[in-house]
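Visitor: File run_6.cif follows (mmCIF, C-alpha atoms):
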```
data_protein
loop_
_atom_site.group_PDB
_atom_site.id
_atom_site.type_symbol
_atom_site.label_atom_id
_atom_site.label_comp_id
_atom_site.auth_asym_id
_atom_site.auth_seq_id
_atom_site.Cartn_x
_atom_site.Cartn_y
_atom_site.Cartn_z
ATOM 1 C CA MET A 18 9.064 -9.039 -11.700
ATOM 2 C CA ASN A 19 5.562 -8.027 -12.839
ATOM 3 C CA ASP A 20 4.222 -11.463 -11.908
ATOM 4 C CA ASN A 21 5.807 -11.072 -8.513
ATOM 5 C CA ILE A 22 4.225 -7.607 -8.050
ATOM 6 C CA LEU A 23 0.842 -9.002 -9.070
ATOM 7 C CA LYS A 24 1.257 -11.824 -6.570
ATOM 8 C CA ILE A 25 2.218 -9.326 -3.860
ATOM 9 C CA ARG A 26 -0.825 -7.137 -4.654
ATOM 10 C CA THR A 27 -3.036 -10.226 -4.306
ATOM 11 C CA LEU A 28 -1.352 -11.127 -1.023
ATOM 12 C CA VAL A 29 -1.783 -7.571 0.251
ATOM 13 C CA ASP A 30 -5.500 -7.695 -0.567
ATOM 14 C CA ARG A 31 -5.807 -11.037 1.190
ATOM 15 C CA PHE A 32 -3.808 -9.697 4.127
ATOM 16 C CA PHE A 33 -6.243 -6.855 4.689
ATOM 17 C CA ASP A 34 -9.105 -9.310 4.385
ATOM 18 C CA GLY A 35 -7.437 -11.363 7.125
ATOM 19 C CA GLU A 36 -7.064 -14.384 4.833
ATOM 20 C CA THR A 37 -3.279 -14.773 4.633
ATOM 21 C CA THR A 38 -1.474 -17.676 6.232
ATOM 22 C CA LEU A 39 1.557 -17.130 8.445
ATOM 23 C CA SER A 40 3.916 -18.152 5.645
ATOM 24 C CA GLU A 41 2.207 -15.726 3.229
ATOM 25 C CA GLU A 42 2.630 -12.956 5.777
ATOM 26 C CA GLN A 43 6.311 -13.866 5.991
ATOM 27 C CA GLN A 44 6.507 -13.578 2.186
ATOM 28 C CA LEU A 45 5.050 -10.078 2.385
ATOM 29 C CA TYR A 46 7.458 -9.014 5.132
ATOM 30 C CA GLU A 47 10.382 -10.421 3.178
ATOM 31 C CA PHE A 48 9.268 -8.730 -0.050
ATOM 32 C CA PHE A 49 8.923 -5.282 1.541
ATOM 33 C CA ARG A 50 12.178 -5.717 3.441
ATOM 34 C CA GLU A 51 14.176 -6.604 0.333
ATOM 35 C CA ALA A 52 12.475 -4.577 -2.418
ATOM 36 C CA ARG A 53 14.599 -1.648 -3.526
ATOM 37 C CA GLU A 54 11.987 -0.167 -5.850
ATOM 38 C CA LEU A 55 8.256 -0.404 -5.399
ATOM 39 C CA PRO A 56 5.267 0.591 -7.524
ATOM 40 C CA GLU A 57 3.650 3.777 -6.252
ATOM 41 C CA ASP A 58 0.580 2.022 -4.857
ATOM 42 C CA LEU A 59 2.713 -0.284 -2.702
ATOM 43 C CA MET A 60 5.008 2.476 -1.374
ATOM 44 C CA PRO A 61 2.681 3.576 1.456
ATOM 45 C CA LEU A 62 2.507 -0.002 2.706
ATOM 46 C CA ARG A 63 6.259 -0.542 2.953
ATOM 47 C CA GLU A 64 6.803 1.035 6.374
ATOM 48 C CA MET A 65 3.718 -0.672 7.710
ATOM 49 C CA PHE A 66 4.946 -4.128 6.743
ATOM 50 C CA LEU A 67 8.434 -3.414 8.049
ATOM 51 C CA ASP A 68 6.906 -2.347 11.365
ATOM 52 C CA LEU A 69 4.708 -5.420 11.427
ATOM 53 C CA ALA A 70 7.710 -7.626 10.801
ATOM 54 C CA ALA A 71 9.450 -5.930 13.725
ATOM 55 C CA VAL A 72 6.393 -6.276 15.958
ATOM 56 C CA GLN A 73 6.083 -9.915 15.016
ATOM 57 C CA GLN A 74 9.691 -10.536 16.005
ATOM 58 C CA VAL A 75 9.013 -8.944 19.372
ATOM 59 C CA GLU A 76 5.931 -11.127 19.782
ATOM 60 C CA LYS A 77 7.714 -14.400 18.889
ATOM 61 C CA PRO A 78 7.382 -16.805 21.840
ATOM 62 C CA LEU A 79 10.514 -17.133 23.905
ATOM 63 C CA PRO A 80 11.964 -20.526 24.812
ATOM 64 C CA GLN A 81 9.776 -22.369 27.318
ATOM 65 C CA ALA A 82 12.108 -21.900 30.278
ATOM 66 C CA VAL A 83 12.368 -18.152 29.882
ATOM 67 C CA GLN A 84 8.826 -17.391 28.724
ATOM 68 C CA PRO A 85 7.035 -17.143 32.102
ATOM 69 C CA VAL A 86 9.544 -14.637 33.418
ATOM 70 C CA ARG A 87 9.810 -12.100 30.537
ATOM 71 C CA ARG A 88 6.648 -12.463 28.394
ATOM 72 C CA GLY A 89 4.503 -9.879 30.188
ATOM 73 C CA TRP A 90 7.316 -7.332 30.196
ATOM 74 C CA PHE A 91 7.854 -7.731 26.423
ATOM 75 C CA ARG A 92 4.171 -7.365 25.638
ATOM 76 C CA TRP A 93 3.854 -4.155 27.604
ATOM 77 C CA ALA A 94 7.069 -2.803 26.095
ATOM 78 C CA ALA A 95 5.881 -3.584 22.560
ATOM 79 C CA ALA A 96 2.451 -2.074 23.168
ATOM 80 C CA ALA A 97 3.982 1.054 24.717
ATOM 81 C CA ALA A 98 6.465 1.418 21.843
ATOM 82 C CA VAL A 99 3.732 1.130 19.231
ATOM 83 C CA ALA A 100 1.474 3.563 21.122
ATOM 84 C CA LEU A 101 4.308 6.089 21.414
ATOM 85 C CA LEU A 102 5.143 5.687 17.740
ATOM 86 C CA ILE A 103 1.558 6.305 16.676
ATOM 87 C CA VAL A 104 1.002 9.315 18.942
ATOM 88 C CA GLY A 105 4.343 10.908 18.010
ATOM 89 C CA ALA A 106 3.862 10.368 14.317
ATOM 90 C CA ALA A 107 0.271 11.594 14.388
ATOM 91 C CA VAL A 108 1.350 14.845 16.069
ATOM 92 C CA THR A 109 4.097 15.310 13.466
ATOM 93 C CA VAL A 110 1.804 14.550 10.555
ATOM 94 C CA PHE A 111 -0.968 16.871 11.688
ATOM 95 C CA SER A 112 1.457 19.725 12.365
ATOM 96 C CA LEU A 113 3.035 19.244 8.925
ATOM 97 C CA ARG A 114 -0.311 19.129 7.192
ATOM 98 C CA ALA A 115 -1.407 22.369 8.801
ATOM 99 C CA GLN A 116 1.188 24.212 6.718
ATOM 100 C CA PRO A 117 0.801 24.253 2.932
ATOM 101 C CA GLU A 118 3.856 22.605 1.471
ATOM 102 C CA GLU A 119 5.566 23.545 -1.758
ATOM 103 C CA GLU A 120 5.948 20.804 -4.308
ATOM 104 C CA TYR A 121 7.427 20.984 -7.785
ATOM 105 C CA VAL A 122 7.945 17.544 -9.254
ATOM 106 C CA ALA A 123 7.812 16.198 -12.775
ATOM 107 C CA TYR A 124 8.416 12.733 -14.131
ATOM 108 C CA ILE A 125 9.437 13.114 -17.756
ATOM 109 C CA TYR A 126 9.177 9.686 -19.316
ATOM 110 C CA GLY A 127 10.207 8.152 -16.008
ATOM 111 C CA GLN A 128 12.980 10.656 -15.201
ATOM 112 C CA ARG A 129 12.276 12.599 -12.025
ATOM 113 C CA THR A 130 13.025 16.300 -11.916
ATOM 114 C CA THR A 131 12.416 18.924 -9.268
ATOM 115 C CA ASP A 132 13.693 21.799 -11.384
ATOM 116 C CA GLN A 133 11.003 24.396 -10.737
ATOM 117 C CA ALA A 134 11.388 26.024 -14.163
ATOM 118 C CA VAL A 135 10.966 22.711 -15.991
ATOM 119 C CA VAL A 136 7.971 21.733 -13.856
ATOM 120 C CA LEU A 137 6.238 25.084 -14.295
ATOM 121 C CA ASP A 138 6.929 25.053 -18.030
ATOM 122 C CA GLU A 139 5.238 21.672 -18.331
ATOM 123 C CA MET A 140 2.356 22.875 -16.166
ATOM 124 C CA GLN A 141 1.850 25.881 -18.418
ATOM 125 C CA LYS A 142 1.841 23.640 -21.514
ATOM 126 C CA THR A 143 -0.922 21.445 -20.130
ATOM 127 C CA MET A 144 -2.887 24.399 -18.766
ATOM 128 C CA THR A 145 -2.731 26.219 -22.089
ATOM 129 C CA ALA A 146 -3.950 23.146 -23.933
ATOM 130 C CA LEU A 147 -7.128 23.164 -21.873
ATOM 131 C CA ALA A 148 -7.658 26.880 -21.466
ATOM 132 C CA SER A 149 -7.530 27.527 -25.204
ATOM 133 C CA THR A 150 -10.311 25.128 -26.072
ATOM 134 C CA ASP A 151 -13.757 26.560 -25.723
ATOM 135 C CA GLY A 152 -16.815 26.144 -27.906
ATOM 136 C CA SER A 153 -17.362 29.885 -28.326
ATOM 137 C CA ASP A 154 -13.724 30.386 -29.332
ATOM 138 C CA ILE A 155 -14.053 27.786 -32.080
ATOM 139 C CA VAL A 156 -17.052 29.543 -33.591
ATOM 140 C CA GLU A 157 -15.288 32.880 -33.343
ATOM 141 C CA GLU A 158 -12.122 31.492 -34.927
ATOM 142 C CA GLN A 159 -14.065 29.840 -37.741
ATOM 143 C CA LEU A 160 -16.010 33.024 -38.458
ATOM 144 C CA LYS A 161 -12.784 35.039 -38.459
ATOM 145 C CA SER A 162 -11.111 32.612 -40.837
ATOM 146 C CA MET A 163 -14.126 32.754 -43.161
ATOM 147 C CA PHE A 164 -14.829 36.493 -43.235
ATOM 148 C CA CYS A 165 -11.620 38.212 -42.273
ATOM 149 C CA ASN A 166 -9.364 36.896 -45.035
ATOM 150 C CA MET B 636 -4.291 -6.915 20.265
ATOM 151 C CA ARG B 637 -2.472 -7.781 17.046
ATOM 152 C CA ARG B 638 -5.389 -6.626 14.884
ATOM 153 C CA ILE B 639 -5.531 -3.327 16.766
ATOM 154 C CA ILE B 640 -1.824 -2.795 16.153
ATOM 155 C CA ILE B 641 -2.186 -3.682 12.458
ATOM 156 C CA PHE B 642 -5.126 -1.329 12.022
ATOM 157 C CA SER B 643 -3.390 1.521 13.883
ATOM 158 C CA LEU B 644 -0.228 1.138 11.843
ATOM 159 C CA PHE B 645 -2.199 1.041 8.608
ATOM 160 C CA ILE B 646 -4.065 4.250 9.467
ATOM 161 C CA PHE B 647 -0.824 5.862 10.582
ATOM 162 C CA HIS B 648 0.985 5.011 7.359
ATOM 163 C CA LEU B 649 -1.913 6.164 5.246
ATOM 164 C CA SER B 650 -1.793 9.494 7.030
ATOM 165 C CA PHE B 651 1.929 9.727 6.296
ATOM 166 C CA CYS B 652 1.359 9.532 2.522
ATOM 167 C CA PRO B 653 1.687 12.862 0.761
ATOM 168 C CA THR B 654 -1.862 14.122 0.294
ATOM 169 C CA GLY B 655 -1.187 14.406 -3.431
ATOM 170 C CA ALA B 656 -0.761 10.678 -3.735
ATOM 171 C CA LEU B 657 -4.279 10.179 -2.483
ATOM 172 C CA ALA B 658 -5.875 13.280 -3.947
ATOM 173 C CA GLN B 659 -7.637 11.435 -6.757
ATOM 174 C CA THR B 660 -8.939 8.745 -4.424
ATOM 175 C CA GLY B 661 -12.426 7.647 -5.342
ATOM 176 C CA LEU B 662 -12.018 8.551 -9.011
ATOM 177 C CA LYS B 663 -11.755 5.941 -11.733
ATOM 178 C CA ILE B 664 -9.114 8.037 -13.497
ATOM 179 C CA ASN B 665 -6.903 7.315 -10.476
ATOM 180 C CA GLU B 666 -5.972 4.088 -12.278
ATOM 181 C CA LEU B 667 -4.216 6.232 -14.867
ATOM 182 C CA PHE B 668 -2.504 8.435 -12.272
ATOM 183 C CA GLN B 669 -1.214 5.309 -10.525
ATOM 184 C CA GLY B 670 0.375 4.072 -13.738
ATOM 185 C CA HIS B 671 -1.913 1.049 -14.051
ATOM 186 C CA VAL B 672 -3.222 1.964 -17.521
ATOM 187 C CA ILE B 673 -0.118 3.383 -19.170
ATOM 188 C CA PRO B 674 3.409 2.913 -17.822
ATOM 189 C CA GLN B 675 4.935 6.036 -16.277
ATOM 190 C CA GLU B 676 7.890 5.738 -18.656
ATOM 191 C CA ARG B 677 5.575 6.745 -21.482
ATOM 192 C CA MET B 678 4.151 9.879 -19.915
ATOM 193 C CA ILE B 679 5.082 13.279 -18.574
ATOM 194 C CA GLU B 680 3.715 13.795 -15.109
ATOM 195 C CA THR B 681 3.672 17.127 -13.290
ATOM 196 C CA ARG B 682 2.828 17.776 -9.656
ATOM 197 C CA VAL B 683 2.676 21.290 -8.314
ATOM 198 C CA ARG B 684 1.615 22.523 -4.908
ATOM 199 C CA GLY B 685 2.220 25.928 -3.388
ATOM 200 C CA LYS B 686 2.262 29.640 -3.979
ATOM 201 C CA THR B 687 2.534 29.406 -7.776
ATOM 202 C CA LEU B 688 -1.040 28.158 -7.867
ATOM 203 C CA GLU B 689 -2.514 30.894 -5.699
ATOM 204 C CA LYS B 690 -3.345 33.097 -8.681
ATOM 205 C CA TYR B 691 -5.541 30.300 -10.014
ATOM 206 C CA GLN B 692 -7.099 29.769 -6.569
ATOM 207 C CA LEU B 693 -5.710 26.259 -6.644
ATOM 208 C CA THR B 694 -3.725 24.367 -4.046
ATOM 209 C CA TYR B 695 -2.785 21.265 -6.008
ATOM 210 C CA TYR B 696 -2.167 20.584 -9.687
ATOM 211 C CA ARG B 697 -1.337 17.242 -11.223
ATOM 212 C CA SER B 698 -1.158 16.578 -14.934
ATOM 213 C CA LEU B 699 -0.300 13.713 -17.235
ATOM 214 C CA ARG B 700 0.581 14.033 -20.902
ATOM 215 C CA MET B 701 1.116 11.035 -23.154
ATOM 216 C CA ASN B 702 0.634 9.469 -26.556
ATOM 217 C CA VAL B 703 -1.852 6.621 -26.533
ATOM 218 C CA THR B 704 -3.018 3.865 -28.843
ATOM 219 C CA PHE B 705 -6.615 3.525 -29.962
ATOM 220 C CA ASP B 706 -7.293 0.790 -27.378
ATOM 221 C CA GLU B 707 -5.663 2.740 -24.564
ATOM 222 C CA ASN B 708 -7.710 5.780 -25.480
ATOM 223 C CA LYS B 709 -10.857 3.667 -25.438
ATOM 224 C CA LEU B 710 -10.001 2.502 -21.911
ATOM 225 C CA LEU B 711 -9.359 6.092 -20.788
ATOM 226 C CA GLY B 712 -12.728 7.035 -22.232
ATOM 227 C CA GLN B 713 -14.399 4.356 -20.141
ATOM 228 C CA LEU B 714 -12.724 5.596 -16.961
ATOM 229 C CA LEU B 715 -13.722 9.155 -17.768
ATOM 230 C CA GLU B 716 -17.337 8.164 -18.416
ATOM 231 C CA GLN B 717 -17.546 6.629 -14.948
ATOM 232 C CA ASP B 718 -16.160 9.783 -13.347
ATOM 233 C CA LYS B 719 -18.615 11.895 -15.333
ATOM 234 C CA GLU B 720 -21.415 10.128 -13.509
ATOM 235 C CA ILE B 721 -20.346 11.606 -10.170
ATOM 236 C CA SER B 722 -19.454 15.057 -11.525
ATOM 237 C CA ILE B 723 -21.527 18.035 -10.412
ATOM 238 C CA ASP B 724 -20.775 20.081 -13.539
ATOM 239 C CA MET B 725 -19.393 18.965 -16.873
ATOM 240 C CA ARG B 726 -18.723 20.534 -20.244
ATOM 241 C CA SER B 727 -17.138 19.100 -23.349
ATOM 242 C CA TYR B 728 -16.145 20.419 -26.748
ATOM 243 C CA ARG B 729 -15.161 18.850 -30.051
ATOM 244 C CA GLU B 730 -13.076 20.485 -32.757
ATOM 245 C CA ASN B 731 -12.199 19.143 -36.184
ATOM 246 C CA PRO B 732 -9.792 21.587 -37.753
ATOM 247 C CA HIS B 733 -8.009 20.184 -40.814
ATOM 248 C CA SER B 734 -5.961 17.130 -39.876
ATOM 249 C CA TRP B 735 -6.615 17.338 -36.126
ATOM 250 C CA LYS B 736 -9.568 16.173 -34.093
ATOM 251 C CA THR B 737 -9.767 17.431 -30.559
ATOM 252 C CA TYR B 738 -12.052 16.410 -27.721
ATOM 253 C CA THR B 739 -11.939 18.309 -24.443
ATOM 254 C CA CYS B 740 -13.875 17.429 -21.329
ATOM 255 C CA LYS B 741 -13.830 19.463 -18.120
ATOM 256 C CA MET B 742 -15.697 18.496 -14.981
ATOM 257 C CA GLN B 743 -16.151 19.629 -11.430
ATOM 258 C CA LEU B 744 -16.215 16.797 -8.952
ATOM 259 C CA PRO B 745 -17.817 16.687 -5.524
ATOM 260 C CA SER B 746 -15.583 18.559 -3.084
ATOM 261 C CA SER B 747 -13.431 16.625 -0.663
ATOM 262 C CA ASN B 748 -11.855 17.796 2.612
ATOM 263 C CA GLY B 749 -13.277 21.266 1.960
ATOM 264 C CA LYS B 750 -11.541 21.574 -1.397
ATOM 265 C CA ASN B 751 -13.203 21.874 -4.783
ATOM 266 C CA ARG B 752 -11.919 19.321 -7.270
ATOM 267 C CA PHE B 753 -11.676 19.471 -11.046
ATOM 268 C CA LEU B 754 -10.747 16.946 -13.696
ATOM 269 C CA CYS B 755 -9.974 17.822 -17.306
ATOM 270 C CA LEU B 756 -9.074 15.631 -20.235
ATOM 271 C CA GLN B 757 -8.068 16.562 -23.742
ATOM 272 C CA GLU B 758 -7.579 14.121 -26.617
ATOM 273 C CA LYS B 759 -5.836 15.435 -29.682
ATOM 274 C CA TRP B 760 -5.987 13.074 -32.656
ATOM 275 C CA ASP B 761 -3.534 13.528 -35.467
ATOM 276 C CA VAL B 762 -5.679 11.964 -38.155
ATOM 277 C CA ARG B 763 -2.959 11.926 -40.786
ATOM 278 C CA HIS B 764 -0.452 10.080 -38.613
ATOM 279 C CA GLU B 765 -3.044 8.168 -36.558
ATOM 280 C CA LYS B 766 -1.560 9.407 -33.295
ATOM 281 C CA CYS B 767 -3.388 10.582 -30.202
ATOM 282 C CA GLU B 768 -1.980 12.824 -27.500
ATOM 283 C CA VAL B 769 -3.907 12.877 -24.247
ATOM 284 C CA THR B 770 -3.605 15.433 -21.476
ATOM 285 C CA VAL B 771 -5.268 14.783 -18.134
ATOM 286 C CA ILE B 772 -5.306 17.366 -15.359
ATOM 287 C CA TYR B 773 -6.514 16.998 -11.795
ATOM 288 C CA MET B 774 -6.838 20.180 -9.729
ATOM 289 C CA GLU B 775 -7.848 21.068 -6.187
ATOM 290 C CA GLY B 776 -8.483 24.436 -4.631
ATOM 291 C CA THR B 777 -10.916 27.059 -3.488
ATOM 292 C CA VAL B 778 -12.007 28.146 -6.961
ATOM 293 C CA GLU B 779 -15.782 27.845 -6.930
ATOM 294 C CA SER B 780 -16.742 26.608 -10.372
ATOM 295 C CA LEU B 781 -15.570 25.443 -13.789
ATOM 296 C CA GLU B 782 -16.562 28.786 -15.276
ATOM 297 C CA GLU B 783 -14.433 30.659 -12.752
ATOM 298 C CA LEU B 784 -11.519 28.291 -13.305
ATOM 299 C CA GLU B 785 -11.674 28.784 -17.075
ATOM 300 C CA LYS B 786 -11.571 32.555 -16.578
ATOM 301 C CA LEU B 787 -8.557 32.290 -14.291
ATOM 302 C CA LEU B 788 -6.670 30.018 -16.678
ATOM 303 C CA LYS B 789 -7.122 32.303 -19.688
#
```
Hey, can you dump this file as structure tokens for me?

Guide:
Amino acid sequence: MNDNILKIRTLVDRFFDGETTLSEEQQLYEFFREARELPEDLMPLREMFLDLAAVQQVEKPLPQAVQPVRRGWFRWAAAAAVALLIVGAAVTVFSLRAQPEEEYVAYIYGQRTTDQAVVLDEMQKTMTALASTDGSDIVEEQLKSMFCN
Amino acid sequence: MRRIIIFSLFIFHLSFCPTGALAQTGLKINELFQGHVIPQERMIETRVRGKTLEKYQLTYYRSLRMNVTFDENKLLGQLLEQDKEISIDMRSYRENPHSWKTYTCKMQLPSSNGKNRFLCLQEKWDVRHEKCEVTVIYMEGTVESLEELEKLLK
């Protein structure tokens, strides 16, 4: 599995460098279509590759006899669909980002929880660990332990 | 045409990512947050965004807490050193009380998207049992400086 993920990461890098062959691109599409769980860094790419696979299907050449009649129509339809998708999604994303969202998530040794109390408790633990450490406090504590006993 | 579509879709899907997932972009410690250094099954990760953080003048809080081996800790140290180089303010403390050794490093990073960014790391070595617990915190918000943040956290 890990070898496969490593291979996919390499293919993704090569894809964005424009170095992948058609069969390698097919491998990527197939991987993202079939993968049930993905590492976090590959998650954002999933929808993109699924869309690309869909676009590629639309762009596949039609049989020779039919091609001259329908090709132009399909191209325009695909381009319009993609343009609409991008504009619509961009509007949604920007309107969502304008509002601060609430998020309370913790992964405790791989187990996801959205229980606000658990998340805030863990946040307080980590915050306290850092807030309590300060050079001046150490000196003060050491002096207290030496002279106040 | 195809390249334009690919590029547009890539940009679109990047913009769809939760901003938290990309918050640490450009930092070496991001490797740790992405689970590339230590598997996520071995750590406790916390992500908080929203009103709870307002009193700290923060908008985003992400922490990791885990036990690490000597080699893993060495690797974390290397990542941290690289991030220190871009920090605009940094302070670190060492403590050696009894059987514990503690190293704490806090830094303010260059602001991004109008938000001030902070990265803190604490290593706590249990000398007797040769164990090390590491806590890493990434924060974003309007709080102006490390000094102000420390005051708010106390």

Visitor: Could you give me, as an NGL selection string, the residues within 7 Å of region 134-147 of chain A, counting all atoms listed in the file and dropping anything in the same chain fewer than 3 positions from it?

Guide: (:A and (121-123 or 131 or 150)) or (:B and (681 or 757 or 770))

Visitor: Under the rule that only C-alpha atoms are counted, which of A:Asp68, A:Ala94, A:Gln74, A:Leu101 is the nearest residue to chain B?

Guide: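 That would be A:Asp68, the residue with the smallest distance to chain B.
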
Visitor: Please write the residues picked by the PyMOL selection byres ((chain B and resi 671-679) around 12) on this file as a count of residues only.

Guide: 54

Visitor: Please identify all polymer residues within 8 Å of Arg729 (chain B), counting all atoms listed in the file, omitting same-chain residues fewer than 5 positions from it, and present them as a ChimeraX atom specification.

Guide: /A:152 /B:736-739

Visitor: How would you write, as a VMD selection string, the residues chosen by the PyMOL selection byres ((chain B and resi 744) around 7) on this structure?

Guide: chain B and resid 721 to 723 742 to 743 745 to 746 752 to 753

Visitor: Put a box with edges along x, y and z around all the listed atoms of region 767-778 of chain B, pad it by 5 Å on each side, then give me its centre and sizes in Å, one decimal, as JSON.

Guide:
```
{"center_x": -7.0, "center_y": 19.4, "center_z": -16.8, "size_x": 20.0, "size_y": 27.6, "size_z": 36.7}
```
